Every structure is written in C-alpha cells, then in structure tokens.
2 protein chains.
Amino acid sequence: MEPNGQQFHVVGSRVPRVDALEKVTGRARYTADVHLPGLLYGVFVRSPYAHARITRIDVSKARALPGVMAVMTQQDLTEDQALVIQEEVHATRRVLNLFATDKVTYQGQKIAAIAAVSREIAEDAVRLVEVEYDPLPAYIDPRDAAKPETTMIYDDRQPVIGPHGETLHNVAGESHHQIGDVDQGFRDADRIFEDTYIVHRAHQTYIEPQSCIAEVGPDGKVTVWSSTQGHFAVRANISSSLGIPLSQINSIGMTIGGGFGAKFGGIIDTYAVLLAQKTRRPVKIVYTREEEFLDARPAPGAVITIKTGVTHDGTITARQAFALWDPGIGSGGCGATGRIQGVYSIPNVKWDAYDIHTNKPAPGAYRAPGAPQATFASESQLNRIAHELGIDPVELRLKNMREGDQVDFKATLKAVADHVGWWQREHDTGPNQGWGVAVGEWTNGAGPGAAVVSIHEDGSVSVFSGLMDITGTDSAMAVIAAEVLGVEYQRVKVIRGDTDSAPYATASGGSVITFSMGNAVLRAAEEARERILALAAEQFAVPVDRLELRDGQVVDRDHPENAMSLAEAARLGMRTIGGPIVGRGAFAAQPSATTIAAQIAKVEVNPDTGQVRLLKYVGSLDVGRAIYALGVEGQMEGGAVQGFSWGLMEQMQYAIDGRNANPNLLDYRIPTAMDVPYVESVLVEVPTKNGPFGCKGVGEPPIAPGIAVVAGAIHDAIGVWCNEAPITPERVVMACQERKDGVRG
Amino acid sequence: MEPNGQQFHVVGSRVPRVDALEKVTGRARYTADVHLPGLLYGVFVRSPYAHARITRIDVSKARALPGVMAVMTQQDLTEDQALVIQEEVHATRRVLNLFATDKVTYQGQKIAAIAAVSREIAEDAVRLVEVEYDPLPAYIDPRDAAKPETTMIYDDRQPVIGPHGETLHNVAGESHHQIGDVDQGFRDADRIFEDTYIVHRAHQTYIEPQSCIAEVGPDGKVTVWSSTQGHFAVRANISSSLGIPLSQINSIGMTIGGGFGAKFGGIIDTYAVLLAQKTRRPVKIVYTREEEFLDARPAPGAVITIKTGVTHDGTITARQAFALWDPGIGSGGCGATGRIQGVYSIPNVKWDAYDIHTNKPAPGAYRAPGAPQATFASESQLNRIAHELGIDPVELRLKNMREGDQVDFKATLKAVADHVGWWQREHDTGPNQGWGVAVGEWTNGAGPGAAVVSIHEDGSVSVFSGLMDITGTDSAMAVIAAEVLGVEYQRVKVIRGDTDSAPYATASGGSVITFSMGNAVLRAAEEARERILALAAEQFAVPVDRLELRDGQVVDRDHPENAMSLAEAARLGMRTIGGPIVGRGAFAAQPSATTIAAQIAKVEVNPDTGQVRLLKYVGSLDVGRAIYALGVEGQMEGGAVQGFSWGLMEQMQYAIDGRNANPNLLDYRIPTAMDVPYVESVLVEVPTKNGPFGCKGVGEPPIAPGIAVVAGAIHDAIGVWCNEAPITPERVVMACQERKDGVRG
C-alpha cells in the first residue's frame, strides 16, 4: 500500500528487463547484424586537416577501382541526374551541402562517400581519392577563436559586441537572460565570488557506433535500418534533407547499443540513402571508433565565468555568468548557461553566453545537454562559497533552495545526505579523503506518441508502438500495461514497430519516454480494460462498476463466482460485434515537474600522483514514481558514472593544429569497472500530476551534478580547487603545485 | 452519384493494386526468399505405398551422415527429452501423431523429418533411411471403399447403415438433412430425373508451394515465417499442436503466392518448429511440386446421385441426393451436399451424404469448399431438365428462384444472360457450338479482426493490421480508408504486422476479408476522422458538423476559408494532449447476405477428338458494392477460370495401387493462357446492411458454377451429357461413343 492509498501490484517491483535474455544471449539484433542481398559498404573520404582550403579533388582513380559502385562528392549532389527521387519531388532542385568542396573546417570532415562491394575495397578506394589542401591555422579554444584578431572560420560571420563592450569573433549563437538587477544584488552582498570553470568536450562513447543501412525499392521507396534513439526522427530527417515524402520512407529502429543523445539521425543515414539511390543496392555504413571521435556529434566544451554575491549567512543575493561555449563548426549549447540558477531562490540573475566556432565537428546532445558543464560552474562555486563562509555545503543549499511544485528538492538532498551519513562524515574520513556534494536539476520533456494494446486469446497482452528502448523503457511500458490490466508483468510483450507500421512515437531523448509514451500505453491499456469490463458486465449481467481486473481475471466484488479470465474475455471479444480487444492510447504534451539529482562522493586523493579514487558515490533523485524500479536505478547509476567520469577523465583532446589527439578508447579514457565504486541510489517519490502513476523522467538528471561533486570532494580531501574538468591526475598535481606557488587556493 | 444518393470518390474506381509494383518487379518477399544465419533445410521421408504395414524403420545411417543435424521420427515425439518446451508447458505430456509408425495409409505419408545443412545432404539422408513395408490393397474410389466387403482403413471404424439400409464401410463422417416430404414431392411431380455426377479430386495449384521457416530463440520463443492465408491461424495451430503458449510464438506472414484455402497451417509448419526446437537452428521447409500432389490438402472428389421432381411447367417439387465424398484419410466435404438446394424454392429436400475414407491424403479447403462439386450435380441436372422439358435453362432457373434478402438473384442471372445476348444466341451459334449456363450460391463468412489507422505528419495515411492479402484485399483496405478520410488512394499505405505486433486478424478464407477486416478498417478510419474533425472544429472554433473531409482537407461547408490539410491536422494532433491521430477499429461477426455467381459459356466441341474450346465466358455476381473494382473483377475472372478448368481438365489421377499418377504440372493439367478466353465480368450491386459500403465477399462464389456451365455448353454443342468431371477430351469421345452405342444420351 502506497502512502496515498494507491496499491500497486507491479509498479515499483523489481522485475527483470523484458529484453534481458536476448541481450545476455547475444540474440538482440543490432544494425550491423543486418545483411541484405547485394549489400554494399559505405565509407568516407575525410579531411586530415582541421582547417584548410581544398585546391583539387580527383576521384577518377577511385571510381575506376573494380568493386567500387559509387564515389559521390558534392558535385554529384549538384549535377547527378541519377538521384531522380529528389527531382521528382521538388519542382526546383534544392542542393544539399553534405561534403566539403573548397574548404574543410574540421579534421574528419567528409569530402566524398564511397560504396563498394566490400569494406576493404571501399577503403582501398578512399586511398585512391586525390585531394590537395592548402592548410590554414586552426582554432581549438573558444577563448582564442572569439578574439578580435582572429579570422572568421565562416566568411559570412560578423563580429559581435559582448556585454562588456568587447568584440567577439566567430560567434555562432548567443543567449542572454536577466532577472532582477544583478548590480543591486551584488551591492546587497557581503561577499562576492568570481571563478572561471572550464569543461572540455566529451564524447557520448556509446558502445555501438553510428550504424545505418539504406535500401531503395523499385518505386523509390527508401527503407532504413539504423541505430537510433528515434526512427521517426530518422524518417523526418531523411525526408526533409533529401526531399523524399514521409510515406516513401520506412525507418526501422534496430536494437541500439547506446545513444545518450547522439543518435537522432543525420550523421550517416542521409549518406547511406544517397549511396543506395545512386547504386540501387542496399548500402551499409558503420562508423569506426576513430570516425566516432572525428566526425560524430559530441558534447560541447564550455568556459564559464560565474560571479555570485552572498550575505554572511549564506543567502545568495545575485548571480551572473559569462560563458563561451565550444560548438565547433556547429552551434548550440550556450543556452544551457541558464542552469546556473539551479533550484535556488536568487532574486537577481543575469547571464550572457555565446557559442564560438572552433575547428571541431558540430556538437550534439549528451544526456541533459549542457547541464553538466553549467552545473559544474554553478555548484562548484557554491561549494567554494560554503567553504569560505564556513557553512556546511548541504546547509547552504537547503537555505537557498526554492520550494518546487510536485517535487521536494530539500527532501531529495537530505535523503542522500542522510543515506551517506553526511552529518557524521568526519568519523568516516581518513587522510587525503574528502566529501563532495552537488545537485543538478532537470525537467523531463514531453513528446507525441501513440500505442496499441492487444489482449490475445491466451490472456497475454502486447503493447505495440514505435518507441525505441535505449534505457529499459520497454520494461516500464510492460509494467504500466500489467498494472492497468491486472496481469503479471511476464504476460506483457512490448513490441516495436517500424515507421510504416507503428503510430508515431516521439524519439527517446529528453527523458520523455516513460512520461509520454507511458501515458500513451496507460491510455491504451485503460481503453482495453474498459472493453474487457464491459464485455464481462454484459456476460454476467451486472453493473460494470462492480467488476475489477486482478490476477489476470475479471472479478465481481460482490459475487466472486462471477469470474472470467482475460483469455476468456479475449475469446468472448472475438465473438462479438466489437471484435478483438484492442486499446489505443495517444499523448502529446502536458507539463511535467522539475526534479533534482543530488549526489555525494567520497574520494581519496594521492597528492603526489594526483590520482583520485572514488570510495563512495551515492545519488538521490525525486523520480515521482519508480515505475520500473531496476531501470530507474540503472539510470541513476549510469548517469552518475557518466557525470563523475566527465569530472575525472573524459576529454576529447585537440592538438594545436586542431587534430584530435585521442580518437580511440585507449587514449580517450572512460571508466572501467575498476574505476567505478558501488553506486548507490536513493529514490524519492513525490508524484507528478501528469506522469503515468506520477512518474518523472529520470534519464538525464543524474549526469548533471557529477563534475561538481568530485571537484568538491577533491577540495575537501586535499584543499585545492580544480576548476578545469576533467580533473585528471595531471591537473590535480598542477593545482597542488599552484597552491604551493601561491597562484591560487 | 450512386443510386442511393451516396457519392464515392474512391470506392469502385479502377485504381491499381497497392502491391502492383513490388509484384511485377520481383521485389515482393516470399517465404523461400528468407535466409537466416545457420539455416537448415528440412525434408521428409515419405511412404512410396498408398497402404502398407511398416515392419522396420532404421534412421541410424541417415543420422550418421555428416551435415545431418536431426532425423526425427514418431519415436522422438514420444521419447525425446530435448523437446523441452512441451514439457514445461504441459504437466502431462501429450504425444502428437505426426509420423507413420506401424502403418501408412496414403502414398507420401511422412515417416521421418530430416534437417541438414543443405537440401542436397538432407535428400541424401532420406535415401539412407531404411523402411520396410508389407503392402496392403488400396482403395481409391469412395464407392469401392464404402462396400461392405472392404476392410477398414482405420481399424477402429464401425460399419454404418445407409439411407436405403445398405452397409457402408470406411465412413469418416456423415451429413443428413430433410425439409418437407420428398416422397410427397416426387408424387406431386410430373417427371422425375435421377442422375449421378462424379467430380474428381483437384489440387488448388497455387504457384508458390507450401513454405515455412521456423526459428527458436534462447527463451524458447518460436518465430515462424510462412506462406499462409492466416498467420494468426498458424500461431494458433502451432500453439495447440505443440503446446507452446501463444505469447511464445511470433508468426510472420510473408507475401503469399496463392493459397485458395490450402494455406492455414499445419501441413509443414509444425514440423519446421519441431526440427528447429531439436536443432536450435532455423529450419526451412519448402515443398516440391510432387510433394504438393502427394501430401498437401486438395479438394475432395465426390459421387453425387441427385433426384429431382418437376411439374410440366418446370416447377421443382422435390429434390433428393445421396453422396459419397472422397476425403482420403481425413474427413470433411459431405456437408457441402446441401448446395443442391441452391437459391431455389424447393418445398421438399432431402440429402444423405457420407465422407468415405480412401487411401489418399486428407482434403483441405478449396475456394467455396464443396460448392463446385455439389453445384455440378445440382445445376447440370437443371440443364438436363430444362432440355427435356423444352424450357429455356435461364427461364427454368428464374421460375424456381427464391427472393433473397439484400441481394437480387434474378437480376444477377438476367444480367449475365443479357450481357452475352442469351436470348438471341441462336444467331451466334455455329456448328458444334453451344451455350451453357449455371449459377452458384455462397454467403461470405465473418471473422474477428482489428485495424489501426494512423495519419502521418505529411497527411499520408497508414492502415496497420494482421490481414494477409491473397487476393488484393490490401487494395480494398486502402480504398476504404481513403474513402472515409477523403484522401487519394495513393496516399494510403497498407501495412501487415506479424502476430506479435498486429492486433488479431481473421484468416483470409471464406471471403471474409473485405467484409470483416473492411469493417475494422472502416471503423478505425472513422475514429481517426472524428479526431481530425474535432481538432479542426476546435481550431476554427466552429461546430464539428459543419466540417467535412475531402481532397485531403478539412473544410468548413459554410466558411471555405476555414480549411486545414490532413498534414496540418496531423501536426496539430502532435501538439495536443490527445496526441498523434490514430484510429482503432475492430469487428467480429455480423451476418452478410447470400449472393450468387451466374455464368454463361459458349464452347465449340470437336466430336472426333473430344476437344472443347471455350469461345466465351461471362460471369455476373451480386457483389453488394465493388469496393476495389479491379480486385472484384480479378476474383470473378480467377474463380471462373478455376471453375471451368476443373470442369475441363483438372483431376488428380490415382493408379489402382493408390499411387498418384500425375504428381506434376505437366501431367496435372491447368489452363494456360491459350486455354482461357477473355473472361468478362458483370457486376450487380445490391448493398448489404453490414458490409462496409454494402460489400459482400466475392472471392468464392465465382468458382461454384463452372463445371455445370461447361457441361451444359458441351451438351448444347454436341448433344451429349457428360456427368463425370473433368470433361476431358477422352470423356467427351467416350460419351459420344456411348450415345452411339445407345447406352445413354
């Protein structure tokens, strides 16, 4: 029995994932597992330079290589008459800009795409493509790229005047915001803190690289198999980029080996379709790990200067930030600077943030996009303020925290503090050991989607939709259907349809799925339940409100002898005018509630080597309602690990010439099992009004506080503030050295 | 504008089939096209004898052949512990009877199943299986098998006493019926006719043979790809025969190359699943054409003696029949004897019919099962009566025809007669030429099914269901959805789901689909339409009843400036709480109306060679409403061809020892393009109450009258009655000879 009197039979129970067996037995089918007759392999010719003019491209030798079926450059998109579909659709032809022609702006930029009968031949052909370059200086730090003495990476960009009258170059986008009067706020403060925090680019490092297969039918119909978080998004992207009608595209989402925001399409699927259209054969493109680092869509870096005014008792009076984000040749990111307000009541807030072009690939979403970077600045500085004011960092946060709606921020923070024994932590702290705390806020989105629930003749249930499960959400859907229909969780199958067969489903990003698709499934199951109860009521000749569904049966509360199994109901439905029992549910948008992830780490730092060992890592989260409990914990653990590993080790490193220095998983460090402590999760459940059974999206918030948590713990252990993440051993040693040298600390 | 004031924009129009392009370009994917990693090939060890005792089976050499992964006999079903799924499900084990053990009862009966890494190795293994037989006499004619001096093919059968006190052996089933008092009816008659009609077994001769692939997953879940008229039926069969829960089976219906009643599962899928369970590898079984003739489920033969009393003016006073059907070792067929009543008002009717075991494979359904055989007897005799009484055979029928409900029998018959110029036919009749007429009645069934209609963001529409299209019904579904939603036919995609993803759909047999699934699609489209109109009404702030859907737009009848495309509506739906526009419709059972196919042939007979040339063949049918007009005509033409080719050439021939003498398409004759005249179709449309837009099932009735039509035409041409079908040249010559000899005529 839940506190609010609602009793659940499946929601919140610790059932196994619906796809556990297929995953552990290796039977799950990923995109690279798909083989089609006549399959070609697609690879790319890429720029070795981060910034250069192209003086010559000659693909003739590559085209002549036996086994090469197509070599495509930007010229083909402009001239090739074989790409008939585009021309049939558009009266006037729109030329896509998919390959570099006269200039490359990052290392790995695509210059040509090649399809051949084997990957080996395709790679041979890459070496036969002759490209001549005239190298240009590369910008890798947004602070450098923004300087007025730089040339513009994109010739058409104009200088921008910054908040302090400075001239900013290479501005790709900007974001400004103001609440109250920060100048007054700073005047009201007893102390003002100003710090600059730097976060470097991180790659989402999903295990399965970008993968796609495209095939074109005799009628021009495109079928695409891909590793994606949203096959409807893939369909939309291909449709809009190539001008193919939606109805002429079937997008099939295969089992996905991780996405974390980087798999919504556009990176390789467009190319696979073009090569398939050109060759009229299916084309498979699977990225290598190196390609992932050179030409995928990683998280942007950021340099955030943050200024906070506080009174002696720790009340925040004003907060201001100036941020330069590093979106490479793309844009996006700087808007996340707004996270500096967090869930605190701050009367005066102002930020000015800019996306500054550098010679790096465009960025993409990575779990709570922008939140880890901005939260690092915001929460790290709070830890420093607490330390300087002599206030406990948990207390400082509780003091400034606002009250939330359908959420309990303070309870969430207290929960994790209580769980780790925060208040007695001095009894559990050895030499060079320390504790860090931080919170990260997030509000899940909502997206449109529909689902169909069928009751089979054996009483089993299937849930059909277009939802892509990247995190265990299929299991949550099974829980929801089982809960509504009063059947065992194991009796529910969750089936994914392609875009031809399934109703629309929103893509799996923004922590939307359990909230949005969960609502669709809830409604579909409710519609099926209504039908079942109506059938039974007619059969028993009793009022429908006397009936309930439980244990796979319809039972009459007053006359238990009136009982009908779900299987009987399904078979009865088949004999009525109304037909088989099928429920349909749809959902689009209703607001959710902001939630916070609060995390505490205990570390031990070796001040000589700079090595940081995580001894304990505990997170709490107000999940609204843990529908699929193991999945919620999985998200809390996975998010926490990604957060602290960005804080300790993950960085895409760029040499002075703009080339990526660690484009592989040997040199780009992600945590191994040896780096990760047992991560504990504390669930707080304050239900939302609109989430199914009160749930909130839980996927993203747990990544947000991690960098600040470890930075705080390191300071607590050895007394140095490291403001540049990841806080590698080298940076720890340097920070210790700087303190000795009196530079800071 | 239709007569009843209903105006259609797509219903009845001559649009192309939705699957035309994939069929003509060879891109449609049939079961045999499916290839899976590790695929094994399944073949059978079969009895060369029609009737024999088995004295020894030794599979050891076959099992030892490299590449053979399984050799399965009945012993395995009884003993093999590897078939774990069965044991998990049933507390007590039920042993299936799938292979012969001590006795074979027809040539081709399965004795063992072999799975090997190639079909060649599997066939080598077949030759290594040692089976010793002790042959028994075989029965091939039900009249012989029924005699009291025969032994029973099944030891446990008891003799049955027939209607005239005779002892009948080998009775597999019986059917009796009586209306009024036939003895009195015959006493009221001026003349009594008694004739015996013989129809031989015919094979459905679908182009694609029986094909199935089965795979078993790590959790025991079975996936089956098959050529079937109903993948839900396949799922149910496998579940009930092997004791596997429905939810542990995913049945995938592939594009089907003809079925005509013979592809509801059970012939090979059970074996493919067993071999896959045993080997834990996917197993493919594809019948050869010879296996089709030896061990599929063809239409039963029949010997029907029919006695009819008439007054001088042609009024039928009584009709009685005694029939022996030939179901081989199975049963079923004799109930169709009831077709002798047809759509005539006959006050006194009686029939006694028996299924008599012979040493042949069990029968299956073939398009209007039993109707062609019984209609041959019924309608041929009417032609003889008309001739003997000097009454026009069309007039004789019109005189005796009853009035139907939601149907016009007489108009249907008159329509075809008028179309061919029946009443002036003597002006169009050369030497040895003649005209034949007959009618066949049928009432389509209804079955449970559901469908989901989605409106996509580009305004295109998809219809998703589990319906198997064997005859163009997908195109009918597209017409229905397009009609309801006011969009172009080409904007509707019809998508088939497997049993995991699609809601239940009834199997495609009994002419149920357009009637039943059409109703489901109609309701789903209506639900989507309601949502679209409600969205638009809210957007325009106008009453919903002022809005209508046409030309892909919602328009306000009073204010045409209020217009919204379906694409806009779909996108609007995605932004509302209600979510994407998805309609769900279901149907199970409502009665349809009886219809008749009336057909007229003109033939020319060479009395010396017995060769019959069809000069003209025209059919009419009260279709209720021709939803997909080209498909309706295709059914009328295809059914007519199958009917007259059974009448002229199709016969499964059995030697005296029970062996099939023509198990191939060289010796089993089906019509080529040279044998088929231009078949014309005349559509009559008297709508039914319950069919979508008034439609009736049209697949089956057109096969019913064919045999009687050609028999009548042959008599009209050369004056001989041929009462044994097919009326091959040999039989025509023999009939001419008998007439010369004075035996009959």
# chains A, B, ... in the order shown; residues from 1 in each chain; ligands from 1
>>> interface_residues(of="chain B", to="chain A", cutoff="6 Å", atoms="only C-alpha atoms", output="count of residues only")
18
>>> residues_around(residues="region 652-654 of chain B", least_positions_apart="6", cutoff="8 Å", atoms="only C-alpha atoms", output="list in words")
Ile140, His200, Arg201, Ala202, His203, Phe293, Asn660, Ala661, Asn662, Pro663 and Tyr668 of chain B
>>> write_last_selection(atoms="C-alpha atoms", output="PDB file, in the first residue's frame")
ATOM      1  CA  ILE B 140      -9.117 -45.047 -54.394  1.00  0.00           C
ATOM      2  CA  HIS B 200     -12.543 -35.984 -59.097  1.00  0.00           C
ATOM      3  CA  ARG B 201     -10.067 -34.558 -56.665  1.00  0.00           C
ATOM      4  CA  ALA B 202      -8.471 -31.300 -57.721  1.00  0.00           C
ATOM      5  CA  HIS B 203      -5.404 -29.576 -56.339  1.00  0.00           C
ATOM      6  CA  PHE B 293       0.353 -33.525 -55.049  1.00  0.00           C
ATOM      7  CA  ASN B 660      -0.755 -40.613 -57.702  1.00  0.00           C
ATOM      8  CA  ALA B 661      -0.256 -40.897 -61.447  1.00  0.00           C
ATOM      9  CA  ASN B 662       0.167 -37.197 -62.251  1.00  0.00           C
ATOM     10  CA  PRO B 663       2.026 -35.518 -59.399  1.00  0.00           C
ATOM     11  CA  TYR B 668      -1.907 -32.490 -63.989  1.00  0.00           C
TER      12      TYR B 668
END
>>> select_by_dssp(residues="region 353-521 of chain A", states="helix (DSSP H, G or I)", output="PyMOL selection string")
chain A and resi 371-389+393-400+409-420+422-428+473-485+489-491+513-521
>>> residues_around(residues="Asp141 (chain A)", least_positions_apart="5", cutoff="10 Å", atoms="only C-alpha atoms", output="VMD selection string")
chain A and resid 146 200 301 to 303 324 to 326 328 356 to 360 654 656 658
>>> write_last_selection(atoms="C-alpha atoms", output="mmCIF file, in the first residue's frame")
data_model
loop_
_atom_site.group_PDB
_atom_site.id
_atom_site.type_symbol
_atom_site.label_atom_id
_atom_site.label_comp_id
_atom_site.auth_asym_id
_atom_site.auth_seq_id
_atom_site.Cartn_x
_atom_site.Cartn_y
_atom_site.Cartn_z
ATOM 1 C CA ALA A 146 36.498 34.706 -30.081
ATOM 2 C CA HIS A 200 36.254 20.110 -22.226
ATOM 3 C CA GLY A 301 33.037 22.247 -24.100
ATOM 4 C CA ALA A 302 32.486 25.481 -22.230
ATOM 5 C CA VAL A 303 34.353 28.231 -20.388
ATOM 6 C CA LEU A 324 31.868 30.886 -24.148
ATOM 7 C CA TRP A 325 30.754 27.521 -25.445
ATOM 8 C CA ASP A 326 32.625 25.430 -27.977
ATOM 9 C CA GLY A 328 32.931 23.583 -33.203
ATOM 10 C CA ILE A 356 32.020 30.345 -30.542
ATOM 11 C CA HIS A 357 33.052 28.451 -33.650
ATOM 12 C CA THR A 358 36.195 26.346 -33.416
ATOM 13 C CA ASN A 359 37.694 23.902 -35.917
ATOM 14 C CA LYS A 360 35.963 20.866 -34.488
ATOM 15 C CA TYR A 654 42.979 18.550 -29.609
ATOM 16 C CA ILE A 656 47.499 22.882 -31.667
ATOM 17 C CA GLY A 658 43.246 21.132 -34.500
#
>>> select_by_dssp(residues="region 553-742 of chain B", states="strand (DSSP E)", output="ChimeraX atom specification")
/B:553-556,563-565,582-587,594-605,612-622,679-684,724-725
>>> residues_around(residues="Cys212 (chain A)", least_positions_apart="2", cutoff="7 Å", atoms="only C-alpha atoms", output="PyMOL selection string")
chain A and resi 31+210+214+224-227+268-269+272+284-286
>>> residues_around(residues="region 97-109 of chain B", least_positions_apart="2", cutoff="8 Å", atoms="only C-alpha atoms", output="list of chain:residue names")
B:Arg46, B:Ser47, B:Pro48, B:Tyr49, B:Ala50, B:His51, B:Ala52, B:Arg53, B:Ile54, B:Thr55, B:Thr73, B:Gln74, B:Val95, B:Ile111, B:Ala112, B:Ile153, B:Glu291, B:Leu294, B:Asp295, B:Ile329, B:Asn359, B:Lys360, B:Pro361, B:Gly658, B:Arg659, B:Asn660
>>> atom_distance(atom1="CA of Gln229 (chain A)", atom2="CA of Pro702 (chain A)")
19.1 Å
>>> residues_around(residues="region 738-742 of chain A", least_positions_apart="4", cutoff="9 Å", atoms="only C-alpha atoms", output="number ranges by chain")
A: 720, 733-734
>>> atom_distance(atom1="CA of Val216 (chain B)", atom2="CA of Met72 (chain B)")
16.8 Å
>>> closest_residue(among="B:Ala262, B:Leu522, B:Ala655, B:Ala321", to="Pro137 (chain B)", atoms="only C-alpha atoms")
B:Ala655
>>> atom_distance(atom1="CA of Trp721 (chain B)", atom2="CA of Ala735 (chain B)")
7.3 Å
>>> residues_around(residues="Ala507 (chain A)", least_positions_apart="2", cutoff="8 Å", atoms="only C-alpha atoms", output="PyMOL selection string")
chain A and resi 229-233+264+447+467-468+505+509+513
